[in-house]
Each structure stands twice: as C-alpha cells, then as structure tokens.
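Novice: Structure below; questions to follow.
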Amino acid sequence: MSNYKIGRKDNWIGRSSSGQELYLNEKIQFSSIKLPFQSNPNKTIALLGYSSDEGVRRNHGRVGSSLGPDAIRKQLGKMPNHLDNNTQIIDFGNLECNDEDLEILQTDLSAGVKFILENNAIPIILGGSHDLAYGHYKGLSQYLPKGKAIGIINFDAHFDLRPNTNGNNSGTPFYQITTEHETANESIKYMALGIRKDANTKDLFDFAETHHVNYLEQKYFCMTYLEHVELRLMQFIEDVDYLYTTIDLDGFSSAYAPGVSASSPMGFSPDIVLKSLNLILESGKLSGFDVVELNPNYDVDDQTAKLAASLVHYVLHKV
C-alpha cells in the first residue's frame, strides 16, 4: 500500500479576515479518505494530492513533482474565496509512493477517487507526475454508470501514449487506458490539446491516428484559432456523458510555467486554456479534474505554482 498523509493546516497560509472567510485558507476543511465524511448537500469539492515523481524518474525526467501538491496548496490558500457558505472545500491530504511501487500508488488513487465520488464530492487531484491520470480515470470509471461514455480532455504538449512494456510511467497513462478499453472491446474518447511535434515521436502520432485520438497541435491551440478550438471542443463534449479533464503544466510555455520536468518556450498560454475550461465547465459534465507536473525545484518566484493554483481556483468557482 502507498503512504498516506492527512492534510496539514500549515500548507494553507494567507491573510486572516477575522472569521469572514475572505480567503481560501480560512475556508478549507480537513478529512481522511480512510474515514466516512459528511458531504454538503449542495456542493463539496475534495482536494487530494498525488505526491510522487516516480513516474517522471522512470520516464527519465527531472524529479521534483512530488513536492507539487503542497506547493499548489500554499499558493491557493492565499487566494480570495468567492464561494458561498453552502460550498465545502475539503483537503484529504496526500498519497505518496512507497518503495518505488508506482502501480500500487495508482491503484490507491483510483480507490481514493471512487471514495470521494461515493460521498457526493467532486475530486480535484493535485500532482505529482502525470501517471496519476491512469489512477484518476480508473476511479471515475469504477464509480460512474456502466455503458456511459467518459471523455478525457488532456491539455498537454505530449500524448502520453508510450507503451508501458517496462512498467508504468508519466508517459504511459493514456496508452494504458486506451489498450485496456480495446481489450474489453470498448472505445475510448481521448482529446489532447496543445500537442507539439517537437515533443512526440512519429510512432506516437501514428498510434494516435490509428486509435482515433482527437488532437489539436499547439500551433492551432491559441487565441488566433479560438473559434476552431471551441468548435472542436463542443463536438467532443457532445459525444460523451462525463468528462475527465487533466492539465499538464509542461504544456504551457516556460514563460508561464518554468517549474516543470520538461519545460519549453514553445508551449501554449493560459488564455486559451481558460477559454477551453469555461466550455468544459458550462457543459455540466465535468466529473474529475487534475493539475499535474508542477516541479517546485525548477520554479521561478513560484510562478508555476501560482499558475496551477489559479487554474484550480478557476475550477473551484465555476464547477
């Protein structure tokens, strides 16, 4: 079993408003995925950290993303709270990789996601390396009604469709999901936004084409092509019953996100992501959301942590 640590109040720092809860550090509550909890009848949002960079290490990347979840919390706690009193935000702490056993960690994450959903809460997972996507998706698929289509929307420079022949890693989650669905004679609906040719080999593009991955290259994933982006997104959203959305911070240009394992100046910008997120959230189909690959070891003035926290803040107030 993976290591599990409950949330800590000292990760939620920020101003005090003398009981008015004007900041998120004052709004946050704490619980454990090992204990029953009473969710709010109106809306409960659950934060769970995936504090691991084992998948990045296996994928020969720069380790440090295990520090990502707490770095996001520290920036999120400083941000203003615009939620009403009927909305709960609960921090469920972190799952940590034990003895380099990534596969067990992914299994434990799927159980954690399923537990959150069973208690009528919306899971937001803080990463952590992108291998968490496999566990997050498995938890959603185990809970949501059978026979319904779950669409995956991945904001990323990479397909993450590498074969897991030598074990799971941060580059394999959507290969795992795709091939498992094929084995079960099911189709998977996967959309990748921001894909770059300088970040994916030819065989990955071939696999994406063969397996009907709906993708948009980075050169078209920008405000100049907003109408086209929105049309592609709306078409995808219409074809599914539920949505799982994952944002890999290494998809952003390093001008916005230097603190990642695989940074590049050639990535996308926050404005097109926020426009896309707005469509996703307005659909009412979002069932799970995560932000991954924050690596504080390479961040500059907490810029990437602030970006990740702002994305979570946006979803918290729109979901």
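Labels for the structure tokens follow display order: chains A, B, ..., residues from 1 in each chain, ligands from 1.
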List as number ranges by chain the protein and nucleic acid residues near segment 204-213 of chain A, meaning an atom at most 10 Å away when only C-alpha atoms are counted, but skip any in the same chain fewer than 6 places from it.

Specialist: A: 158-163, 175, 178-179, 182, 187-192, 195, 197

Novice: Using N, CA, C and O atoms, can you export the residues from the last selection as a PDB file, in the first residue's frame?

Specialist:
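Everything below was put into selection-v5.pdb:
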```pdb
ATOM      1  N   HIS A 158       2.381  16.610 -24.725  1.00  0.00           N
ATOM      2  CA  HIS A 158       2.678  15.208 -25.025  1.00  0.00           C
ATOM      3  C   HIS A 158       1.396  14.371 -25.076  1.00  0.00           C
ATOM      4  O   HIS A 158       0.469  14.609 -24.302  1.00  0.00           O
ATOM      5  N   PHE A 159       1.394  13.361 -25.942  1.00  0.00           N
ATOM      6  CA  PHE A 159       0.261  12.430 -25.999  1.00  0.00           C
ATOM      7  C   PHE A 159       0.192  11.564 -24.742  1.00  0.00           C
ATOM      8  O   PHE A 159      -0.874  11.128 -24.342  1.00  0.00           O
ATOM      9  N   ASP A 160       1.350  11.236 -24.162  1.00  0.00           N
ATOM     10  CA  ASP A 160       1.442  10.269 -23.059  1.00  0.00           C
ATOM     11  C   ASP A 160       0.820   8.935 -23.462  1.00  0.00           C
ATOM     12  O   ASP A 160       0.043   8.327 -22.712  1.00  0.00           O
ATOM     13  N   LEU A 161       1.197   8.501 -24.660  1.00  0.00           N
ATOM     14  CA  LEU A 161       0.726   7.234 -25.226  1.00  0.00           C
ATOM     15  C   LEU A 161       1.866   6.233 -25.385  1.00  0.00           C
ATOM     16  O   LEU A 161       1.793   5.321 -26.200  1.00  0.00           O
ATOM     17  N   ARG A 162       2.922   6.388 -24.595  1.00  0.00           N
ATOM     18  CA  ARG A 162       4.041   5.453 -24.682  1.00  0.00           C
ATOM     19  C   ARG A 162       3.627   4.086 -24.129  1.00  0.00           C
ATOM     20  O   ARG A 162       2.921   4.014 -23.114  1.00  0.00           O
ATOM     21  N   PRO A 163       4.081   2.998 -24.740  1.00  0.00           N
ATOM     22  CA  PRO A 163       3.779   1.655 -24.202  1.00  0.00           C
ATOM     23  C   PRO A 163       4.375   1.481 -22.812  1.00  0.00           C
ATOM     24  O   PRO A 163       5.453   1.986 -22.517  1.00  0.00           O
ATOM     25  N   TYR A 175      -2.017   5.467 -22.922  1.00  0.00           N
ATOM     26  CA  TYR A 175      -1.807   4.170 -23.594  1.00  0.00           C
ATOM     27  C   TYR A 175      -2.482   3.082 -22.771  1.00  0.00           C
ATOM     28  O   TYR A 175      -3.182   2.216 -23.321  1.00  0.00           O
ATOM     29  N   THR A 178      -6.270   3.410 -23.112  1.00  0.00           N
ATOM     30  CA  THR A 178      -6.709   3.064 -24.467  1.00  0.00           C
ATOM     31  C   THR A 178      -6.661   1.566 -24.710  1.00  0.00           C
ATOM     32  O   THR A 178      -7.628   0.964 -25.199  1.00  0.00           O
ATOM     33  N   THR A 179      -5.553   0.917 -24.379  1.00  0.00           N
ATOM     34  CA  THR A 179      -5.395  -0.509 -24.658  1.00  0.00           C
ATOM     35  C   THR A 179      -6.298  -1.367 -23.774  1.00  0.00           C
ATOM     36  O   THR A 179      -6.802  -2.400 -24.219  1.00  0.00           O
ATOM     37  N   GLU A 182      -9.688  -1.331 -25.330  1.00  0.00           N
ATOM     38  CA  GLU A 182      -9.724  -2.167 -26.532  1.00  0.00           C
ATOM     39  C   GLU A 182      -9.820  -3.642 -26.162  1.00  0.00           C
ATOM     40  O   GLU A 182     -10.533  -4.414 -26.804  1.00  0.00           O
ATOM     41  N   SER A 187     -14.615   1.464 -26.825  1.00  0.00           N
ATOM     42  CA  SER A 187     -13.864   2.569 -27.426  1.00  0.00           C
ATOM     43  C   SER A 187     -13.596   3.633 -26.371  1.00  0.00           C
ATOM     44  O   SER A 187     -14.411   3.848 -25.480  1.00  0.00           O
ATOM     45  N   ILE A 188     -12.462   4.288 -26.479  1.00  0.00           N
ATOM     46  CA  ILE A 188     -12.107   5.350 -25.559  1.00  0.00           C
ATOM     47  C   ILE A 188     -12.131   6.675 -26.303  1.00  0.00           C
ATOM     48  O   ILE A 188     -11.665   6.770 -27.441  1.00  0.00           O
ATOM     49  N   LYS A 189     -12.670   7.678 -25.677  1.00  0.00           N
ATOM     50  CA  LYS A 189     -12.719   9.018 -26.293  1.00  0.00           C
ATOM     51  C   LYS A 189     -11.683   9.896 -25.595  1.00  0.00           C
ATOM     52  O   LYS A 189     -11.848  10.249 -24.420  1.00  0.00           O
ATOM     53  N   TYR A 190     -10.627  10.197 -26.334  1.00  0.00           N
ATOM     54  CA  TYR A 190      -9.493  10.926 -25.774  1.00  0.00           C
ATOM     55  C   TYR A 190      -9.151  12.098 -26.671  1.00  0.00           C
ATOM     56  O   TYR A 190      -8.954  11.935 -27.867  1.00  0.00           O
ATOM     57  N   MET A 191      -9.102  13.300 -26.063  1.00  0.00           N
ATOM     58  CA  MET A 191      -8.759  14.512 -26.797  1.00  0.00           C
ATOM     59  C   MET A 191      -7.538  15.152 -26.150  1.00  0.00           C
ATOM     60  O   MET A 191      -7.499  15.357 -24.933  1.00  0.00           O
ATOM     61  N   ALA A 192      -6.522  15.449 -26.963  1.00  0.00           N
ATOM     62  CA  ALA A 192      -5.295  16.079 -26.472  1.00  0.00           C
ATOM     63  C   ALA A 192      -5.138  17.441 -27.134  1.00  0.00           C
ATOM     64  O   ALA A 192      -5.133  17.546 -28.363  1.00  0.00           O
ATOM     65  N   ILE A 195      -0.669  19.554 -28.491  1.00  0.00           N
ATOM     66  CA  ILE A 195       0.357  18.589 -28.884  1.00  0.00           C
ATOM     67  C   ILE A 195       1.417  19.257 -29.765  1.00  0.00           C
ATOM     68  O   ILE A 195       1.092  20.021 -30.675  1.00  0.00           O
ATOM     69  N   LYS A 197       4.933  18.705 -32.220  1.00  0.00           N
ATOM     70  CA  LYS A 197       5.734  17.737 -32.980  1.00  0.00           C
ATOM     71  C   LYS A 197       7.151  17.622 -32.443  1.00  0.00           C
ATOM     72  O   LYS A 197       7.796  16.586 -32.618  1.00  0.00           O
TER      73      LYS A 197
END
```

Novice: Using DSSP secondary structure from the backbone, list all strand (DSSP E or B) positions within segment 154-260 of chain A, as an MDAnalysis selection string.

Specialist: chainID A and resid 154:155 189:195 214:217 242:248 252

Novice: Write out as a ChimeraX atom specification which residues come within 6 Å of segment 39-49 of chain A when counting only C-alpha atoms, dropping same-chain ones fewer than 6 positions away.

Specialist: /A:69,87-94,121-126

Novice: Suppose we keep all heavy atoms; can you now write the selection as a CSV table (one decimal), in the first residue's frame?

Specialist:
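Done, and the output landed in selection16.csv:
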```
chain,number,residue,atom,x,y,z
A,69,PRO,N,2.0,19.0,-5.0
A,69,PRO,CA,0.7,19.2,-4.3
A,69,PRO,C,0.7,20.3,-3.2
A,69,PRO,O,-0.1,21.2,-3.1
A,69,PRO,CB,0.3,17.8,-3.8
A,69,PRO,CG,1.0,16.9,-4.7
A,69,PRO,CD,2.3,17.6,-5.1
A,87,THR,N,-20.9,25.8,0.1
A,87,THR,CA,-19.9,25.0,-0.6
A,87,THR,C,-18.8,24.7,0.3
A,87,THR,O,-18.2,25.5,1.0
A,87,THR,CB,-19.4,25.8,-1.8
A,87,THR,OG1,-20.4,26.1,-2.7
A,87,THR,CG2,-18.3,25.0,-2.6
A,88,GLN,N,-18.5,23.4,0.4
A,88,GLN,CA,-17.4,22.9,1.2
A,88,GLN,C,-16.1,22.7,0.3
A,88,GLN,O,-16.3,22.2,-0.8
A,88,GLN,CB,-17.7,21.5,1.8
A,88,GLN,CG,-18.7,21.6,3.0
A,88,GLN,CD,-18.9,20.2,3.5
A,88,GLN,OE1,-19.2,19.2,2.7
A,88,GLN,NE2,-18.9,20.0,4.8
A,89,ILE,N,-15.0,23.0,0.9
A,89,ILE,CA,-13.7,22.5,0.2
A,89,ILE,C,-13.0,21.7,1.3
A,89,ILE,O,-12.7,22.2,2.4
A,89,ILE,CB,-12.8,23.7,-0.2
A,89,ILE,CG1,-13.6,24.6,-1.1
A,89,ILE,CG2,-11.6,23.1,-0.9
A,89,ILE,CD1,-12.7,25.8,-1.5
A,90,ILE,N,-12.7,20.4,1.0
A,90,ILE,CA,-12.1,19.5,2.0
A,90,ILE,C,-10.7,19.1,1.4
A,90,ILE,O,-10.6,18.6,0.3
A,90,ILE,CB,-13.0,18.3,2.3
A,90,ILE,CG1,-14.3,18.8,2.8
A,90,ILE,CG2,-12.3,17.4,3.3
A,90,ILE,CD1,-15.3,17.7,3.1
A,91,ASP,N,-9.7,19.2,2.2
A,91,ASP,CA,-8.4,18.7,1.9
A,91,ASP,C,-8.2,17.3,2.5
A,91,ASP,O,-8.3,17.1,3.7
A,91,ASP,CB,-7.3,19.7,2.4
A,91,ASP,CG,-5.9,19.3,2.0
A,91,ASP,OD1,-5.7,18.2,1.4
A,91,ASP,OD2,-4.9,20.0,2.4
A,92,PHE,N,-8.0,16.3,1.6
A,92,PHE,CA,-7.8,15.0,2.0
A,92,PHE,C,-6.4,14.5,2.1
A,92,PHE,O,-6.1,13.3,2.2
A,92,PHE,CB,-8.6,14.0,1.1
A,92,PHE,CG,-10.1,14.0,1.4
A,92,PHE,CD1,-10.9,15.0,0.7
A,92,PHE,CD2,-10.7,13.1,2.2
A,92,PHE,CE1,-12.3,15.0,1.0
A,92,PHE,CE2,-12.0,13.2,2.5
A,92,PHE,CZ,-12.8,14.1,1.9
A,93,GLY,N,-5.5,15.5,2.0
A,93,GLY,CA,-4.1,15.1,2.2
A,93,GLY,C,-3.4,14.5,0.9
A,93,GLY,O,-3.9,14.7,-0.2
A,94,ASN,N,-2.3,13.8,1.1
A,94,ASN,CA,-1.5,13.3,0.0
A,94,ASN,C,-1.3,11.8,0.1
A,94,ASN,O,-1.1,11.2,1.1
A,94,ASN,CB,-0.1,13.9,0.1
A,94,ASN,CG,-0.1,15.3,-0.3
A,94,ASN,OD1,-1.0,15.9,-0.9
A,94,ASN,ND2,0.9,16.0,0.2
A,121,ALA,N,-18.9,14.1,-3.6
A,121,ALA,CA,-18.0,15.2,-3.7
A,121,ALA,C,-17.3,15.2,-5.1
A,121,ALA,O,-17.3,14.2,-5.8
A,121,ALA,CB,-16.9,15.2,-2.6
A,122,ILE,N,-16.8,16.3,-5.5
A,122,ILE,CA,-16.1,16.4,-6.8
A,122,ILE,C,-14.6,16.3,-6.6
A,122,ILE,O,-14.0,17.1,-5.9
A,122,ILE,CB,-16.4,17.8,-7.5
A,122,ILE,CG1,-17.9,17.9,-7.7
A,122,ILE,CG2,-15.7,17.9,-8.8
A,122,ILE,CD1,-18.4,19.3,-8.0
A,123,PRO,N,-13.9,15.4,-7.2
A,123,PRO,CA,-12.5,15.2,-7.0
A,123,PRO,C,-11.6,16.2,-7.8
A,123,PRO,O,-11.8,16.3,-9.0
A,123,PRO,CB,-12.2,13.8,-7.4
A,123,PRO,CG,-13.2,13.4,-8.4
A,123,PRO,CD,-14.4,14.3,-8.0
A,124,ILE,N,-10.7,16.9,-7.1
A,124,ILE,CA,-9.6,17.6,-7.8
A,124,ILE,C,-8.3,17.1,-7.3
A,124,ILE,O,-8.0,17.2,-6.1
A,124,ILE,CB,-9.8,19.1,-7.5
A,124,ILE,CG1,-11.0,19.7,-8.1
A,124,ILE,CG2,-8.5,19.9,-8.1
A,124,ILE,CD1,-11.2,21.2,-8.0
A,125,ILE,N,-7.5,16.5,-8.2
A,125,ILE,CA,-6.3,15.9,-7.8
A,125,ILE,C,-5.1,16.8,-8.1
A,125,ILE,O,-5.0,17.4,-9.2
A,125,ILE,CB,-6.1,14.5,-8.5
A,125,ILE,CG1,-7.4,13.7,-8.4
A,125,ILE,CG2,-4.9,13.8,-7.9
A,125,ILE,CD1,-7.8,13.4,-7.0
A,126,LEU,N,-4.2,17.0,-7.1
A,126,LEU,CA,-3.0,17.8,-7.3
A,126,LEU,C,-1.8,17.0,-7.5
A,126,LEU,O,-1.5,16.1,-6.7
A,126,LEU,CB,-2.9,18.7,-6.0
A,126,LEU,CG,-4.1,19.5,-5.5
A,126,LEU,CD1,-3.8,20.2,-4.2
A,126,LEU,CD2,-4.7,20.4,-6.6
```

Novice: Point out the residue among A:Leu83, A:Leu109, A:Leu226, A:Val315 with the least atom-to-atom distance to Leu95 of chain A, counting only C-alpha atoms.

Specialist: A:Leu109

Novice: Report, in Å with one decimal, the straight-line distance from atom CA of Asn11 of chain A to atom CA of Glu26 of chain A.

Specialist: 11.9 Å

Novice: A:Gln218, A:Thr201, A:Ser52, A:Ser261: which is nearest Ser66 of chain A, counting only C-alpha atoms?

Specialist: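 Ranked by minimum distance to Ser66 of chain A, first place goes to A:Ser52.
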
Novice: At a cut-off of 8 Å, using only C-alpha atoms, what residues contact segment 276-280 of chain A? Leave out same-chain residues fewer than 3 positions from it and give the result as a ChimeraX atom specification.

Specialist: /A:229-230,233-234,237,243,272-273,283-286,315,318

Novice: Suppose we keep all heavy atoms; can you now write the selection as a CSV table (one decimal), in the first residue's frame?

Specialist:
```
chain,number,residue,atom,x,y,z
A,229,VAL,N,-11.0,26.1,-32.1
A,229,VAL,CA,-10.8,25.3,-30.8
A,229,VAL,C,-12.1,25.1,-30.2
A,229,VAL,O,-12.4,23.9,-29.7
A,229,VAL,CB,-9.9,26.1,-29.9
A,229,VAL,CG1,-9.8,25.4,-28.5
A,229,VAL,CG2,-8.5,26.2,-30.5
A,230,GLU,N,-13.0,26.1,-30.0
A,230,GLU,CA,-14.2,25.9,-29.4
A,230,GLU,C,-15.2,24.9,-30.1
A,230,GLU,O,-15.9,24.1,-29.5
A,230,GLU,CB,-14.9,27.3,-29.2
A,230,GLU,CG,-14.2,28.2,-28.2
A,230,GLU,CD,-14.9,29.5,-28.0
A,230,GLU,OE1,-15.6,30.0,-29.0
A,230,GLU,OE2,-14.9,30.0,-26.9
A,233,LEU,N,-13.9,21.4,-29.4
A,233,LEU,CA,-14.3,21.0,-28.1
A,233,LEU,C,-15.7,20.7,-27.9
A,233,LEU,O,-16.1,19.7,-27.3
A,233,LEU,CB,-13.9,22.2,-27.1
A,233,LEU,CG,-12.6,22.1,-26.3
A,233,LEU,CD1,-12.3,23.4,-25.6
A,233,LEU,CD2,-12.6,20.9,-25.4
A,234,MET,N,-16.6,21.6,-28.5
A,234,MET,CA,-18.0,21.4,-28.4
A,234,MET,C,-18.4,20.0,-29.0
A,234,MET,O,-19.3,19.3,-28.5
A,234,MET,CB,-18.8,22.5,-29.0
A,234,MET,CG,-18.7,23.8,-28.1
A,234,MET,SD,-19.8,25.2,-28.7
A,234,MET,CE,-19.0,25.6,-30.2
A,237,ILE,N,-17.4,17.3,-26.6
A,237,ILE,CA,-18.2,17.2,-25.4
A,237,ILE,C,-19.6,16.7,-25.7
A,237,ILE,O,-20.1,15.9,-24.9
A,237,ILE,CB,-18.3,18.7,-24.8
A,237,ILE,CG1,-16.9,19.1,-24.3
A,237,ILE,CG2,-19.3,18.7,-23.7
A,237,ILE,CD1,-16.8,20.6,-23.9
A,243,LEU,N,-17.0,14.0,-18.3
A,243,LEU,CA,-15.7,14.5,-18.7
A,243,LEU,C,-14.7,14.4,-17.6
A,243,LEU,O,-15.0,14.7,-16.4
A,243,LEU,CB,-15.8,16.0,-19.1
A,243,LEU,CG,-16.4,16.3,-20.4
A,243,LEU,CD1,-16.7,17.8,-20.6
A,243,LEU,CD2,-15.6,15.8,-21.6
A,272,ILE,N,-6.0,30.6,-23.7
A,272,ILE,CA,-6.7,29.6,-24.4
A,272,ILE,C,-7.2,28.5,-23.5
A,272,ILE,O,-8.3,27.9,-23.8
A,272,ILE,CB,-5.9,29.1,-25.6
A,272,ILE,CG1,-6.8,28.3,-26.6
A,272,ILE,CG2,-4.7,28.4,-25.2
A,272,ILE,CD1,-7.9,29.0,-27.2
A,273,VAL,N,-6.4,28.2,-22.5
A,273,VAL,CA,-6.8,27.1,-21.6
A,273,VAL,C,-8.0,27.5,-20.8
A,273,VAL,O,-9.0,26.8,-20.6
A,273,VAL,CB,-5.6,26.8,-20.6
A,273,VAL,CG1,-6.1,25.8,-19.5
A,273,VAL,CG2,-4.5,26.2,-21.4
A,283,SER,N,-20.6,22.8,-19.6
A,283,SER,CA,-21.3,21.6,-20.1
A,283,SER,C,-22.0,20.9,-18.9
A,283,SER,O,-22.9,20.1,-19.2
A,283,SER,CB,-20.4,20.7,-20.8
A,283,SER,OG,-19.5,20.0,-19.9
A,284,GLY,N,-21.5,21.1,-17.7
A,284,GLY,CA,-22.0,20.4,-16.6
A,284,GLY,C,-21.6,18.9,-16.5
A,284,GLY,O,-22.2,18.1,-15.7
A,285,LYS,N,-20.7,18.5,-17.4
A,285,LYS,CA,-20.3,17.1,-17.4
A,285,LYS,C,-19.0,16.8,-16.7
A,285,LYS,O,-18.6,15.6,-16.7
A,285,LYS,CB,-20.2,16.7,-18.9
A,285,LYS,CG,-21.5,16.7,-19.7
A,285,LYS,CD,-21.3,16.3,-21.1
A,285,LYS,CE,-22.6,16.3,-21.9
A,285,LYS,NZ,-22.5,15.9,-23.3
A,286,LEU,N,-18.3,17.8,-16.1
A,286,LEU,CA,-17.1,17.5,-15.5
A,286,LEU,C,-17.2,16.7,-14.3
A,286,LEU,O,-18.0,17.0,-13.3
A,286,LEU,CB,-16.4,18.8,-15.1
A,286,LEU,CG,-15.0,18.7,-14.5
A,286,LEU,CD1,-14.0,18.2,-15.6
A,286,LEU,CD2,-14.5,20.0,-13.9
A,315,VAL,N,-11.5,26.6,-11.5
A,315,VAL,CA,-12.4,25.5,-11.5
A,315,VAL,C,-13.3,25.4,-10.2
A,315,VAL,O,-14.5,25.2,-10.3
A,315,VAL,CB,-11.6,24.2,-11.7
A,315,VAL,CG1,-12.5,22.9,-11.5
A,315,VAL,CG2,-11.0,24.1,-13.0
A,318,LYS,N,-16.2,27.7,-10.7
A,318,LYS,CA,-17.0,27.5,-11.9
A,318,LYS,C,-17.7,26.2,-11.9
A,318,LYS,O,-18.7,26.0,-12.6
A,318,LYS,CB,-16.2,27.7,-13.1
A,318,LYS,CG,-15.7,29.1,-13.4
A,318,LYS,CD,-16.7,29.9,-14.1
A,318,LYS,CE,-16.2,31.3,-14.6
A,318,LYS,NZ,-17.2,32.0,-15.4
```

Novice: Given the choices A:Leu132, A:Leu76, A:Ile28, A:Cys222, which gets closest to Phe174 of chain A if the distance is worked out from only C-alpha atoms?

Specialist: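 Using only C-alpha atoms, Phe174 of chain A sits closest to A:Leu132.
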
Novice: For segment 55-59 of chain A, work out the shell of residues within 9 Å, counting only C-alpha atoms and skipping chain neighbours fewer than 4 positions away, then give it as a PyMOL selection string.

Specialist: chain A and resi 63-65+102+128-132+167-171+261+293

Novice: Within 9 Å of Lys219 of chain A, counting only C-alpha atoms, which residues qualify if same-chain residues fewer than 4 places away don't, as a list in words?

Specialist: Gly194, Ile195, Arg196, Gly267 and Phe268 of chain A

Novice: Put those residues in a file: N, CA, C and O atoms, as a PDB file, in the first residue's frame.

Specialist:
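So result-v7.pdb came out as:
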```
ATOM      1  N   GLY A 194      -2.861  20.905 -27.563  1.00  0.00           N
ATOM      2  CA  GLY A 194      -1.548  21.515 -27.385  1.00  0.00           C
ATOM      3  C   GLY A 194      -0.388  20.639 -27.775  1.00  0.00           C
ATOM      4  O   GLY A 194       0.769  20.927 -27.434  1.00  0.00           O
ATOM      5  N   ILE A 195      -0.669  19.554 -28.491  1.00  0.00           N
ATOM      6  CA  ILE A 195       0.357  18.589 -28.884  1.00  0.00           C
ATOM      7  C   ILE A 195       1.417  19.257 -29.765  1.00  0.00           C
ATOM      8  O   ILE A 195       1.092  20.021 -30.675  1.00  0.00           O
ATOM      9  N   ARG A 196       2.687  18.932 -29.478  1.00  0.00           N
ATOM     10  CA  ARG A 196       3.781  19.509 -30.263  1.00  0.00           C
ATOM     11  C   ARG A 196       4.571  18.417 -30.981  1.00  0.00           C
ATOM     12  O   ARG A 196       4.872  17.376 -30.399  1.00  0.00           O
ATOM     13  N   GLY A 267       5.328  26.296 -25.738  1.00  0.00           N
ATOM     14  CA  GLY A 267       4.015  25.831 -25.315  1.00  0.00           C
ATOM     15  C   GLY A 267       2.903  26.845 -25.483  1.00  0.00           C
ATOM     16  O   GLY A 267       3.087  27.937 -26.025  1.00  0.00           O
ATOM     17  N   PHE A 268       1.715  26.472 -24.983  1.00  0.00           N
ATOM     18  CA  PHE A 268       0.536  27.336 -25.105  1.00  0.00           C
ATOM     19  C   PHE A 268       0.473  28.319 -23.939  1.00  0.00           C
ATOM     20  O   PHE A 268       1.303  28.307 -23.029  1.00  0.00           O
TER      21      PHE A 268
END
```

Novice: Determine the nearest neighbour of Tyr314 of chain A from the options A:Phe289, A:Tyr298, A:Phe30, A:Tyr244, counting only C-alpha atoms.

Specialist: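 Ranking A:Phe289, A:Tyr298, A:Phe30, A:Tyr244 by distance to Tyr314 of chain A, first place goes to A:Phe289.
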
Novice: Given only C-alpha atoms as the basis, pick out the residue of A:Ile177, A:Val312, A:Leu281, A:Val291 nearest to Phe155 of chain A.

Specialist: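 Closest candidate: A:Val291.
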
Novice: Measuring between only C-alpha atoms, which one of A:Ile13, A:Ile153, A:Ala262, A:Met223 shows the shortest distance to Ala71 of chain A?

Specialist: A:Ile13
